[in-house]
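K.L.:
Sending over structure-v2.csv (CSV, C-alpha atoms).
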chain,number,residue,atom,x,y,z
S,1,MET,CA,0.0,0.0,0.0
S,2,ARG,CA,2.9,2.3,0.8
S,3,ASN,CA,4.4,1.8,-2.7
S,4,ALA,CA,1.1,2.6,-4.4
S,5,HIS,CA,1.0,6.2,-3.3
S,6,PRO,CA,4.2,7.3,-4.8
S,7,GLN,CA,3.3,5.7,-8.1
S,8,GLY,CA,-0.1,7.5,-8.1
S,9,SER,CA,1.6,10.7,-7.3
S,10,SER,CA,4.1,10.2,-10.2
S,11,GLN,CA,1.3,9.5,-12.6
S,12,ALA,CA,-0.6,12.6,-11.5
S,13,LEU,CA,2.6,14.7,-11.9
S,14,ALA,CA,3.2,13.3,-15.3
S,15,GLY,CA,-0.3,14.1,-16.3
S,16,ARG,CA,0.1,17.7,-15.1
S,17,ILE,CA,3.3,18.0,-17.0
S,18,THR,CA,1.8,16.6,-20.2
S,19,GLU,CA,-1.2,19.0,-19.8
S,20,TRP,CA,1.1,21.9,-19.3
S,21,LEU,CA,3.3,21.0,-22.3
S,22,THR,CA,0.2,20.7,-24.5
S,23,PHE,CA,-1.1,24.0,-23.3
S,24,ASP,CA,2.3,25.6,-23.9
S,25,ASN,CA,2.6,24.1,-27.3
S,26,MET,CA,-0.8,25.5,-28.3
S,27,HIS,CA,0.1,28.8,-26.8
S,28,HIS,CA,3.2,28.9,-29.0
S,29,GLN,CA,1.2,27.9,-32.0
S,30,TRP,CA,-1.3,30.7,-31.4
S,31,LEU,CA,1.6,33.2,-31.0
S,32,LEU,CA,3.2,31.9,-34.2
S,33,LEU,CA,-0.1,32.2,-36.1
S,34,ALA,CA,-0.6,35.8,-34.8
S,35,ALA,CA,2.9,36.7,-35.8
S,36,CYS,CA,2.2,35.3,-39.3
S,37,PHE,CA,-0.9,37.4,-39.6
S,38,TRP,CA,1.0,40.5,-38.4
S,39,VAL,CA,3.7,40.0,-41.0
S,40,ILE,CA,1.1,39.5,-43.8
S,41,PHE,CA,-0.7,42.7,-42.7
S,42,MET,CA,2.5,44.7,-42.6
S,43,PHE,CA,3.5,43.4,-46.0
S,44,MET,CA,0.1,44.4,-47.5
S,45,VAL,CA,0.4,47.9,-46.0
S,46,ALA,CA,4.0,48.3,-47.3
S,47,SER,CA,3.1,47.0,-50.8
S,48,LYS,CA,0.2,49.4,-50.9
S,49,PHE,CA,2.5,52.3,-50.0
S,50,ILE,CA,5.0,51.3,-52.6
S,51,THR,CA,2.3,51.0,-55.2
S,52,LEU,CA,0.9,54.5,-54.4
S,53,THR,CA,4.4,56.0,-54.4
S,54,PHE,CA,6.0,54.5,-57.4
S,55,LYS,CA,3.0,53.7,-59.6
S,56,ASP,CA,4.4,55.8,-62.5
S,57,PRO,CA,8.1,56.5,-62.3
S,58,ASP,CA,8.0,58.4,-65.6
S,59,ALA,CA,5.3,60.7,-64.3
S,60,TYR,CA,7.2,61.2,-61.1
S,61,SER,CA,10.4,62.2,-62.9
S,62,ALA,CA,8.4,64.5,-65.2
S,63,LYS,CA,6.8,66.1,-62.2
S,64,GLN,CA,10.2,66.7,-60.7
S,65,GLU,CA,11.4,68.3,-64.0
S,66,PHE,CA,8.3,70.5,-64.0
S,67,LEU,CA,9.0,71.7,-60.5
S,68,PHE,CA,12.5,72.6,-61.5
S,69,LEU,CA,11.2,74.7,-64.3
S,70,THR,CA,8.7,76.7,-62.2
S,71,ALA,CA,9.9,76.8,-58.7
S,72,VAL,CA,13.2,78.8,-59.1
S,73,PRO,CA,12.7,82.4,-58.1
S,74,ASN,CA,13.1,85.0,-60.8
S,75,SER,CA,15.9,86.7,-59.0
S,76,GLY,CA,18.0,83.6,-58.9
S,77,ARG,CA,17.3,82.3,-62.4
S,78,SER,CA,20.3,80.9,-64.0
S,79,PRO,CA,21.4,82.0,-67.5
S,80,GLY,CA,19.6,80.3,-70.3
S,81,GLU,CA,16.8,79.1,-68.1
S,82,THR,CA,13.3,79.1,-69.8
S,83,HIS,CA,11.1,81.8,-68.4
S,84,PHE,CA,7.4,82.2,-69.1
S,85,PRO,CA,5.1,85.2,-68.6
S,86,GLU,CA,3.0,84.9,-65.5
S,87,GLU,CA,-0.2,84.1,-67.4
S,88,LEU,CA,1.6,81.3,-69.4
S,89,LYS,CA,3.3,79.4,-66.7
S,90,PRO,CA,2.9,75.6,-66.9
S,91,THR,CA,0.2,74.1,-64.7
S,92,GLY,CA,1.5,70.5,-64.7
S,93,LYS,CA,-2.0,68.9,-64.9
S,94,MET,CA,-2.5,65.2,-64.7
S,95,LEU,CA,-4.3,63.2,-67.4
S,96,SER,CA,-6.1,59.9,-67.0
S,97,GLY,CA,-3.9,57.1,-65.8
S,98,GLY,CA,-1.9,59.3,-63.6
S,99,ARG,CA,0.4,60.5,-66.5
S,100,LEU,CA,1.7,64.1,-66.2
S,101,VAL,CA,1.7,65.9,-69.5
S,102,GLN,CA,4.5,68.4,-69.6
S,103,PRO,CA,3.0,71.7,-70.8
S,104,LEU,CA,6.4,73.1,-71.9
S,105,VAL,CA,5.8,72.1,-75.5
S,106,TYR,CA,2.5,74.0,-75.6
S,107,MET,CA,4.1,77.1,-74.1
S,108,GLN,CA,6.9,76.9,-76.7
S,109,ARG,CA,4.3,76.8,-79.5
S,110,LEU,CA,2.7,80.0,-78.2
S,111,GLU,CA,6.1,81.6,-77.8
S,112,LEU,CA,7.0,80.7,-81.4
S,113,ILE,CA,3.9,82.3,-82.7
S,114,ARG,CA,4.6,85.5,-80.8
S,115,ASN,CA,8.2,85.6,-82.1
S,116,VAL,CA,7.2,85.0,-85.7
S,117,CYS,CA,4.4,87.6,-85.5
S,118,ARG,CA,7.1,90.2,-84.6
S,119,GLU,CA,9.1,89.5,-87.8
S,120,ASP,CA,8.6,92.3,-90.2
S,121,ALA,CA,9.8,90.2,-93.1
S,122,LEU,CA,6.9,87.8,-92.6
S,123,ARG,CA,4.2,90.4,-91.7
S,124,ASN,CA,2.2,89.9,-94.9
S,125,LEU,CA,2.2,86.2,-94.3
S,126,SER,CA,1.4,86.1,-90.6
S,127,HIS,CA,-1.0,89.0,-90.0
S,128,THR,CA,-4.6,89.4,-91.1
S,129,ALA,CA,-7.6,91.5,-90.0
S,130,VAL,CA,-10.1,89.9,-87.6
S,131,SER,CA,-12.8,90.2,-90.2
S,132,LYS,CA,-16.2,88.6,-90.5
S,133,PHE,CA,-14.5,85.8,-92.5
S,134,VAL,CA,-12.3,85.0,-89.4
S,135,LEU,CA,-15.2,85.4,-86.9
S,136,ASP,CA,-17.3,83.0,-89.0
S,137,ARG,CA,-14.7,80.3,-88.5
S,138,ILE,CA,-14.9,80.6,-84.6
S,139,PHE,CA,-17.5,78.5,-82.9
S,140,VAL,CA,-18.8,79.4,-79.4
S,141,CYS,CA,-19.6,77.2,-76.4
S,142,ASP,CA,-20.9,79.7,-73.9
S,143,LYS,CA,-21.8,77.1,-71.4
S,144,HIS,CA,-18.1,76.2,-70.8
S,145,ARG,CA,-16.6,79.5,-72.1
S,146,ILE,CA,-14.8,78.0,-75.1
S,147,LEU,CA,-13.9,79.3,-78.6
S,148,PHE,CA,-12.9,76.9,-81.3
S,149,CYS,CA,-11.4,78.1,-84.6
S,150,GLN,CA,-12.3,75.8,-87.4
S,151,THR,CA,-9.3,74.7,-89.6
S,152,PRO,CA,-10.8,72.3,-92.2
S,153,LYS,CA,-9.0,69.0,-93.0
S,154,VAL,CA,-7.5,68.8,-89.5
S,155,GLY,CA,-10.1,66.6,-87.8
S,156,ASN,CA,-12.5,69.4,-87.1
S,157,THR,CA,-15.6,67.2,-87.3
S,158,GLN,CA,-14.6,65.5,-84.1
S,159,TRP,CA,-14.0,68.7,-82.2
S,160,LYS,CA,-17.4,70.0,-83.4
S,161,LYS,CA,-18.9,66.9,-81.9
S,162,VAL,CA,-17.2,67.6,-78.6
S,163,LEU,CA,-18.7,71.1,-78.6
S,164,ILE,CA,-22.1,69.9,-79.6
S,165,ALA,CA,-22.1,67.4,-76.8
S,166,LEU,CA,-21.1,70.1,-74.3
S,167,ASN,CA,-23.8,72.5,-75.6
S,168,GLU,CA,-26.3,69.7,-75.3
S,169,ALA,CA,-27.7,70.8,-78.6
S,170,VAL,CA,-28.3,67.3,-79.7
S,171,GLU,CA,-30.2,65.2,-77.1
S,172,ILE,CA,-28.3,62.0,-77.4
S,173,GLN,CA,-27.7,60.4,-74.0
S,174,ARG,CA,-25.7,57.5,-72.9
S,175,SER,CA,-27.6,54.5,-71.6
S,176,LYS,CA,-27.2,55.9,-68.0
S,177,GLY,CA,-28.2,59.3,-69.2
S,178,ALA,CA,-25.2,61.0,-67.7
S,179,PHE,CA,-23.6,62.8,-70.7
S,180,PRO,CA,-24.1,63.1,-74.5
S,181,SER,CA,-22.4,60.4,-76.6
S,182,ILE,CA,-20.0,62.0,-79.1
S,183,GLU,CA,-19.8,58.9,-81.3
S,184,GLU,CA,-23.5,58.9,-81.9
S,185,ILE,CA,-23.8,62.4,-83.2
S,186,PRO,CA,-24.3,62.1,-87.0
S,187,ASP,CA,-22.0,63.9,-89.4
S,188,ASN,CA,-24.9,65.5,-91.2
S,189,VAL,CA,-25.9,67.3,-88.0
S,190,VAL,CA,-22.3,68.3,-87.3
S,191,HIS,CA,-22.0,70.1,-90.6
S,192,ASP,CA,-25.5,71.6,-90.6
S,193,HIS,CA,-25.0,74.9,-88.9
S,194,GLU,CA,-28.7,75.4,-88.6
S,195,LYS,CA,-29.1,72.3,-86.5
S,196,ASN,CA,-25.8,71.8,-84.6
S,197,GLY,CA,-26.5,74.5,-82.1
S,198,LEU,CA,-23.0,76.0,-82.4
S,199,PRO,CA,-23.2,79.8,-82.8
S,200,ARG,CA,-20.4,81.5,-84.7
S,201,LEU,CA,-18.6,84.3,-83.0
S,202,SER,CA,-19.7,86.6,-85.8
S,203,SER,CA,-23.3,86.3,-84.6
S,204,PHE,CA,-22.6,88.4,-81.5
S,205,SER,CA,-22.3,92.2,-81.0
S,206,ASP,CA,-18.9,93.8,-81.1
S,207,ALA,CA,-18.9,94.2,-77.4
S,208,GLU,CA,-19.9,90.5,-76.9
S,209,ILE,CA,-17.2,89.4,-79.4
S,210,GLN,CA,-14.5,91.3,-77.5
S,211,LYS,CA,-15.6,90.0,-74.2
S,212,ARG,CA,-15.4,86.4,-75.4
S,213,LEU,CA,-12.1,86.9,-77.1
S,214,LYS,CA,-10.6,88.3,-73.9
S,215,THR,CA,-12.0,85.8,-71.4
S,216,TYR,CA,-12.8,82.5,-73.1
S,217,PHE,CA,-10.5,79.5,-73.6
S,218,LYS,CA,-9.4,79.6,-77.2
S,219,PHE,CA,-7.8,76.9,-79.4
S,220,PHE,CA,-7.4,75.4,-82.8
S,221,ILE,CA,-5.6,72.6,-84.5
S,222,VAL,CA,-3.0,72.6,-87.3
S,223,ARG,CA,-1.1,70.0,-89.4
S,224,ASP,CA,1.6,70.1,-91.9
S,225,PRO,CA,0.4,72.7,-94.5
S,226,PHE,CA,1.2,70.7,-97.6
S,227,GLU,CA,-0.3,67.5,-96.2
S,228,ARG,CA,-3.5,69.5,-95.4
S,229,LEU,CA,-3.7,70.7,-99.0
S,230,ILE,CA,-3.4,67.1,-100.2
S,231,SER,CA,-6.2,66.1,-97.9
S,232,ALA,CA,-8.4,69.0,-99.1
S,233,PHE,CA,-7.8,68.1,-102.8
S,234,LYS,CA,-8.7,64.4,-102.2
S,235,ASP,CA,-11.8,65.2,-100.1
S,236,LYS,CA,-13.3,67.8,-102.4
S,237,PHE,CA,-12.2,66.9,-105.9
S,238,VAL,CA,-11.5,63.2,-105.8
S,239,HIS,CA,-13.7,61.3,-103.3
S,240,ASN,CA,-16.2,64.0,-102.3
S,241,PRO,CA,-17.8,61.8,-99.6
S,242,ARG,CA,-20.4,64.4,-98.5
S,243,PHE,CA,-21.6,64.8,-102.1
S,244,GLU,CA,-20.8,68.5,-102.7
S,245,PRO,CA,-21.1,68.6,-106.5
S,246,TRP,CA,-20.1,72.3,-106.8
S,247,TYR,CA,-16.5,71.5,-106.1
S,248,ARG,CA,-16.2,69.3,-109.2
S,249,HIS,CA,-18.7,71.1,-111.4
S,250,GLU,CA,-18.1,74.7,-110.6
S,251,ILE,CA,-14.8,75.2,-108.8
S,252,ALA,CA,-12.7,72.6,-110.6
S,253,PRO,CA,-13.6,73.9,-114.1
S,254,GLY,CA,-12.7,77.4,-113.0
S,255,ILE,CA,-9.2,76.3,-111.9
S,256,ILE,CA,-8.7,74.2,-115.0
S,257,ARG,CA,-9.6,77.1,-117.4
S,258,LYS,CA,-7.0,79.4,-115.8
S,259,TYR,CA,-4.2,77.2,-114.7
S,260,ARG,CA,-4.0,74.0,-116.9
S,261,ARG,CA,-1.0,74.3,-119.2
S,262,ASN,CA,-2.0,71.5,-121.6
S,263,ARG,CA,-5.2,72.7,-123.1
S,264,THR,CA,-5.7,69.4,-124.9
S,265,GLU,CA,-5.9,67.5,-121.6
S,266,THR,CA,-9.5,66.4,-120.9
S,267,ARG,CA,-9.1,64.8,-117.5
S,268,GLY,CA,-10.7,66.3,-114.4
S,269,ILE,CA,-8.8,68.6,-112.1
S,270,GLN,CA,-5.3,67.4,-111.2
S,271,PHE,CA,-3.2,68.2,-108.1
S,272,GLU,CA,-0.8,70.1,-110.3
S,273,ASP,CA,-3.7,72.5,-111.4
S,274,PHE,CA,-4.6,72.9,-107.8
S,275,VAL,CA,-1.0,73.8,-106.8
S,276,ARG,CA,-0.7,76.3,-109.6
S,277,TYR,CA,-3.9,78.0,-108.5
S,278,LEU,CA,-2.9,78.2,-104.8
S,279,GLY,CA,0.6,79.5,-105.6
S,280,ASP,CA,-0.6,82.2,-107.9
S,281,PRO,CA,-0.1,85.6,-106.3
S,282,ASN,CA,-3.3,86.7,-108.1
S,283,HIS,CA,-5.4,83.9,-106.8
S,284,ARG,CA,-7.8,86.2,-104.9
S,285,TRP,CA,-10.0,87.0,-107.9
S,286,LEU,CA,-10.9,83.3,-108.1
S,287,ASP,CA,-11.3,83.1,-104.4
S,288,LEU,CA,-14.0,85.7,-104.5
S,289,GLN,CA,-15.9,83.7,-107.0
S,290,PHE,CA,-15.6,80.5,-104.9
S,291,GLY,CA,-16.8,82.2,-101.7
S,292,ASP,CA,-16.5,80.4,-98.4
S,293,HIS,CA,-15.6,77.1,-100.1
S,294,ILE,CA,-12.0,78.3,-100.0
S,295,ILE,CA,-11.9,77.6,-96.2
S,296,HIS,CA,-10.6,74.1,-97.0
S,297,TRP,CA,-7.3,75.4,-98.5
S,298,VAL,CA,-6.6,78.9,-97.4
S,299,THR,CA,-3.9,79.5,-94.8
S,300,TYR,CA,-4.3,79.1,-91.0
S,301,VAL,CA,-3.5,82.8,-90.8
S,302,GLU,CA,-6.5,83.7,-93.0
S,303,LEU,CA,-8.7,81.3,-91.0
S,304,CYS,CA,-7.8,82.1,-87.4
S,305,ALA,CA,-5.7,85.2,-87.2
S,306,PRO,CA,-3.1,83.8,-84.7
S,307,CYS,CA,-1.2,87.0,-84.5
S,308,GLU,CA,-4.2,89.1,-83.7
S,309,ILE,CA,-6.1,86.7,-81.4
S,310,LYS,CA,-4.3,85.3,-78.3
S,311,TYR,CA,-5.1,81.6,-78.3
S,312,SER,CA,-4.8,79.5,-75.2
S,313,VAL,CA,-3.5,76.3,-76.8
S,314,ILE,CA,-2.5,75.3,-80.4
S,315,GLY,CA,-2.9,71.6,-81.0
S,316,HIS,CA,-1.0,69.7,-83.7
S,317,HIS,CA,-2.7,66.9,-85.7
S,318,GLU,CA,0.5,64.9,-85.6
S,319,THR,CA,0.5,64.7,-81.8
S,320,LEU,CA,-3.3,64.7,-81.3
S,321,GLU,CA,-3.2,61.6,-79.1
S,322,ASP,CA,-1.5,63.8,-76.5
S,323,ASP,CA,-2.9,67.2,-77.5
S,324,ALA,CA,-6.6,66.3,-77.4
S,325,PRO,CA,-6.6,65.2,-73.7
S,326,TYR,CA,-4.4,68.2,-72.8
S,327,ILE,CA,-6.9,70.6,-74.5
S,328,LEU,CA,-9.8,69.1,-72.7
S,329,LYS,CA,-8.0,69.3,-69.4
S,330,GLU,CA,-7.0,72.9,-69.9
S,331,ALA,CA,-10.5,73.8,-71.0
S,332,GLY,CA,-11.8,72.2,-67.8
S,333,ILE,CA,-14.1,69.8,-69.6
S,334,ASP,CA,-12.1,66.5,-69.4
S,335,HIS,CA,-14.5,65.2,-66.7
S,336,LEU,CA,-17.4,65.7,-69.1
S,337,VAL,CA,-16.2,64.4,-72.5
S,338,SER,CA,-13.4,62.5,-74.1
S,339,TYR,CA,-12.0,63.0,-77.5
S,340,PRO,CA,-13.2,60.1,-79.9
S,341,THR,CA,-10.7,57.2,-80.2
S,342,ILE,CA,-7.9,58.0,-82.6
S,343,PRO,CA,-7.0,55.1,-84.9
S,344,PRO,CA,-3.2,54.2,-84.6
S,345,GLY,CA,-1.0,56.1,-87.1
S,346,ILE,CA,-3.8,58.1,-88.7
S,347,THR,CA,-2.4,61.4,-87.6
S,348,ALA,CA,1.3,60.8,-88.3
S,349,TYR,CA,3.0,62.8,-91.0
S,350,ASN,CA,3.3,60.8,-94.2
S,351,ARG,CA,6.3,62.1,-96.3
S,352,THR,CA,5.9,59.3,-98.9
S,353,LYS,CA,2.4,60.5,-99.6
S,354,VAL,CA,3.6,64.1,-99.9
S,355,GLU,CA,6.3,63.1,-102.3
S,356,HIS,CA,3.9,61.1,-104.4
S,357,TYR,CA,1.5,64.0,-104.9
S,358,PHE,CA,4.1,66.5,-105.7
S,359,LEU,CA,5.9,64.2,-108.1
S,360,GLY,CA,6.1,65.8,-111.6
S,361,ILE,CA,5.1,69.3,-110.4
S,362,SER,CA,7.7,71.9,-111.4
S,363,LYS,CA,10.0,73.3,-108.7
S,364,ARG,CA,8.8,76.8,-109.7
S,365,ASP,CA,5.2,76.0,-108.9
S,366,ILE,CA,6.1,74.3,-105.6
S,367,ARG,CA,8.2,77.3,-104.5
S,368,ARG,CA,5.4,79.6,-105.3
S,369,LEU,CA,3.1,77.5,-103.2
S,370,TYR,CA,5.6,77.5,-100.3
S,371,ALA,CA,5.9,81.3,-100.6
S,372,ARG,CA,2.2,81.6,-99.9
S,373,PHE,CA,2.1,79.1,-97.0
S,374,GLU,CA,5.5,80.1,-95.5
S,375,GLY,CA,3.8,81.9,-92.7
S,376,ASP,CA,1.9,78.7,-91.7
S,377,PHE,CA,5.1,76.7,-91.8
S,378,LYS,CA,7.0,79.1,-89.6
S,379,LEU,CA,4.3,80.1,-87.2
S,380,PHE,CA,3.6,76.5,-86.2
S,381,GLY,CA,7.1,75.1,-86.3
S,382,TYR,CA,6.7,72.9,-89.4
S,383,GLN,CA,10.0,72.1,-91.2
S,384,LYS,CA,10.5,73.7,-94.6
S,385,PRO,CA,10.0,70.9,-97.2
S,386,ASP,CA,13.5,71.2,-98.8
S,387,PHE,CA,13.1,67.7,-100.3
S,388,LEU,CA,10.4,69.2,-102.6
S,389,LEU,CA,11.9,72.7,-103.2
S,390,ASN,CA,15.5,71.8,-104.1
What's the structure tokens form of this structure?
P.N.:
Amino acid sequence: MRNAHPQGSSQALAGRITEWLTFDNMHHQWLLLAACFWVIFMFMVASKFITLTFKDPDAYSAKQEFLFLTAVPNSGRSPGETHFPEELKPTGKMLSGGRLVQPLVYMQRLELIRNVCREDALRNLSHTAVSKFVLDRIFVCDKHRILFCQTPKVGNTQWKKVLIALNEAVEIQRSKGAFPSIEEIPDNVVHDHEKNGLPRLSSFSDAEIQKRLKTYFKFFIVRDPFERLISAFKDKFVHNPRFEPWYRHEIAPGIIRKYRRNRTETRGIQFEDFVRYLGDPNHRWLDLQFGDHIIHWVTYVELCAPCEIKYSVIGHHETLEDDAPYILKEAGIDHLVSYPTIPPGITAYNRTKVEHYFLGISKRDIRRLYARFEGDFKLFGYQKPDFLLN
């Protein structure tokens, strides 16, 4: 009996030890599990921070460059540093996707225009009166304080659709009814100025015109001048998709009668005839006969008066993929509309096409054409087409 007691005590002690070890093991397991959860939580927080901070390294470096351009005090500006007037300082606005578009290029375009406008040698090619002809080219969106100068053959149809949607002149709504759908606005409405709800600046009083010119956001789009002329010739005299018979049956015969050298040639108007007409210093007497149809091939200077009107932004057709979102952002309407999708490569300059159309045209005629459009080339930074001239 004496020996049974110690054995029972030993068994009880062993049980307690086993129970304690089991509890301790479970405690360690719980601690390990909690530690794992803590590590995972911290990793998630850290990764989120990293994502937010370095989501777009290019945008970040661009922002740093922008800050360098604008944050240096005037008194300490180093020699050669770019300086902008107060009203033209870059804003560094963000586009969709967190990409910072560097506005320096847009400031340089405006600065180039100001410099060329000051050149006396180019005055006749860069200046024009702000006449009714010019005011007829400028469309007004009073709701959002925007003026758009029409430059045909540079994608103007899409910009008109943007303004129509903003003006809510055409009641086409998205399925949710939030904003007008640009893609669904038919072209026949866009080009019908009785129906598209876009007033021309010429329809206002002189005081109202001046008020809008001084206070509204103003822009227009340009492209290589010679490529634009090719587009105008194809659209009006070759394909004529909008069925405007007067170009082939009235304007073309007038050009052929005066400018075709081979009188026995019976074909319709050729690009060479068109070039000879446009390069003639005495072209204006025909222009008067053709009326407003000439808007498709007259100079940007004649259409929009860039030396007389202080535009906010000049877009380039060749860089429209970047320029369109920037214009919408600067105009304060990027949250309302988006520019229609641009097919890849459609806005790129096509030198091969230009060479093809000018093939066989005399250097004299090409030089006379360039002499007329030299103001457009220089005002908007397009390279002189020496490959055609020399």
K.L.:
Could you work out how far CA of Glu244 in chain S lies from CA of Ile269 in chain S, giving the answer in Å with one decimal?
P.N.:
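Answer for the CA of Ile269 in chain S to CA of Glu244 in chain S separation: 15.2 Å.
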K.L.:
Need to verify the contact set: Leu389 in chain S, 9 Å, all atoms listed in the file, exclusion of same-chain residues closer than 2 positions in sequence. Can you return it as a list in words?
P.N.:
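These residues fall inside the cut-off: Lys363, Arg364, Ile366, Arg367, Tyr370, Lys384, Pro385, Asp386 and Phe387 of chain S.
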K.L.:
Which residues come within 10 Å of Arg242 in chain S, counting only C-alpha atoms, excluding same-chain residues fewer than 5 positions away, as a ChimeraX atom specification?
P.N.:
/S:187-188,191,235-236
K.L.:
Which residues of range 176-283 of chain S come within 7 Å of range 132-148 of chain S, and for each one, what is the closest pair of atoms and their distance in Å to one decimal, counting all atoms listed in the file, sorted by chain and residue number, as CSV?
P.N.:
residue,atom,partner,partner_atom,distance
S:Leu198,CA,S:Phe139,CA,6.1
S:Pro199,CA,S:Val140,CA,5.6
S:Arg200,CA,S:Phe139,CA,4.5
S:Leu201,CA,S:Leu135,CA,5.3
S:Ser202,CA,S:Leu135,CA,4.8
S:Tyr216,CA,S:Arg145,CA,4.9
S:Phe217,CA,S:Ile146,CA,4.8
S:Lys218,CA,S:Leu147,CA,4.7
S:Phe219,CA,S:Phe148,CA,5.4
S:Phe220,CA,S:Phe148,CA,5.9
K.L.:
For Asp206 in chain S, which of S:Thr264, S:Ser126, S:Thr151, S:Ser131 is the closest residue, counting all atoms listed in the file?
P.N.:
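Looking only at the distances to Asp206 in chain S, the closest residue turns out to be S:Ser131.
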K.L.:
Please provide the set of residues having any atom within 9 Å of Asp280 in chain S, restricted to only C-alpha atoms, with same-chain residues fewer than 6 positions apart removed, written as number ranges by chain.
P.N.:
S: 365, 368-369, 372
K.L.:
Between CA of Val301 in chain S and CA of Phe373 in chain S, what is the distance, to one decimal in Å?
P.N.:
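Straight-line distance from CA of Val301 in chain S to CA of Phe373 in chain S works out to 9.1 Å.
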K.L.:
Using Å and a single decimal, report how far CA of Tyr247 in chain S sits from CA of Leu286 in chain S.
P.N.:
13.2 Å
K.L.:
Show which residues sit within 12 Å of Phe237 in chain S, as a list in words. Count all atoms listed in the file, and ignore same-chain residues fewer than 6 positions away.
P.N.:
Leu229, Ile230, Ser231, Phe243, Glu244, Pro245, Trp246, Tyr247, Arg248, His249, Glu250, Ile251, Ala252, Pro253, Ile255, Gly268, Ile269, Gln270, Phe271, Asp273, Phe274 and His296 of chain S
K.L.:
Print the selection's residues with C-alpha atoms to a file, as a PDB file, in the coordinates of the input.
P.N.:
ATOM      1  CA  LEU S 229      -3.700  70.700 -99.000  1.00  0.00           C
ATOM      2  CA  ILE S 230      -3.400  67.100-100.200  1.00  0.00           C
ATOM      3  CA  SER S 231      -6.200  66.100 -97.900  1.00  0.00           C
ATOM      4  CA  PHE S 243     -21.600  64.800-102.100  1.00  0.00           C
ATOM      5  CA  GLU S 244     -20.800  68.500-102.700  1.00  0.00           C
ATOM      6  CA  PRO S 245     -21.100  68.600-106.500  1.00  0.00           C
ATOM      7  CA  TRP S 246     -20.100  72.300-106.800  1.00  0.00           C
ATOM      8  CA  TYR S 247     -16.500  71.500-106.100  1.00  0.00           C
ATOM      9  CA  ARG S 248     -16.200  69.300-109.200  1.00  0.00           C
ATOM     10  CA  HIS S 249     -18.700  71.100-111.400  1.00  0.00           C
ATOM     11  CA  GLU S 250     -18.100  74.700-110.600  1.00  0.00           C
ATOM     12  CA  ILE S 251     -14.800  75.200-108.800  1.00  0.00           C
ATOM     13  CA  ALA S 252     -12.700  72.600-110.600  1.00  0.00           C
ATOM     14  CA  PRO S 253     -13.600  73.900-114.100  1.00  0.00           C
ATOM     15  CA  ILE S 255      -9.200  76.300-111.900  1.00  0.00           C
ATOM     16  CA  GLY S 268     -10.700  66.300-114.400  1.00  0.00           C
ATOM     17  CA  ILE S 269      -8.800  68.600-112.100  1.00  0.00           C
ATOM     18  CA  GLN S 270      -5.300  67.400-111.200  1.00  0.00           C
ATOM     19  CA  PHE S 271      -3.200  68.200-108.100  1.00  0.00           C
ATOM     20  CA  ASP S 273      -3.700  72.500-111.400  1.00  0.00           C
ATOM     21  CA  PHE S 274      -4.600  72.900-107.800  1.00  0.00           C
ATOM     22  CA  HIS S 296     -10.600  74.100 -97.000  1.00  0.00           C
TER      23      HIS S 296
END
K.L.:
Tell me which of S:Val238, S:Val130, S:Ala121, S:Ile327 sits closest to Pro103 in chain S, counting all atoms listed in the file.
P.N.:
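For Pro103 in chain S, the nearest of the given residues is S:Ile327.
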K.L.:
Nearest to Asn156 in chain S among S:Pro225, S:Pro340, S:Gly279, S:Gly332, with distances taken over all atoms listed in the file: which residue is it?
P.N.:
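Closest candidate: S:Pro340.
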K.L.:
Please determine, counting only C-alpha atoms, which residue among S:Ser312, S:Thr157, S:Asn262, S:Thr347 has the shortest atom-to-atom distance to Glu330 in chain S.
P.N.:
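Closest candidate: S:Ser312.
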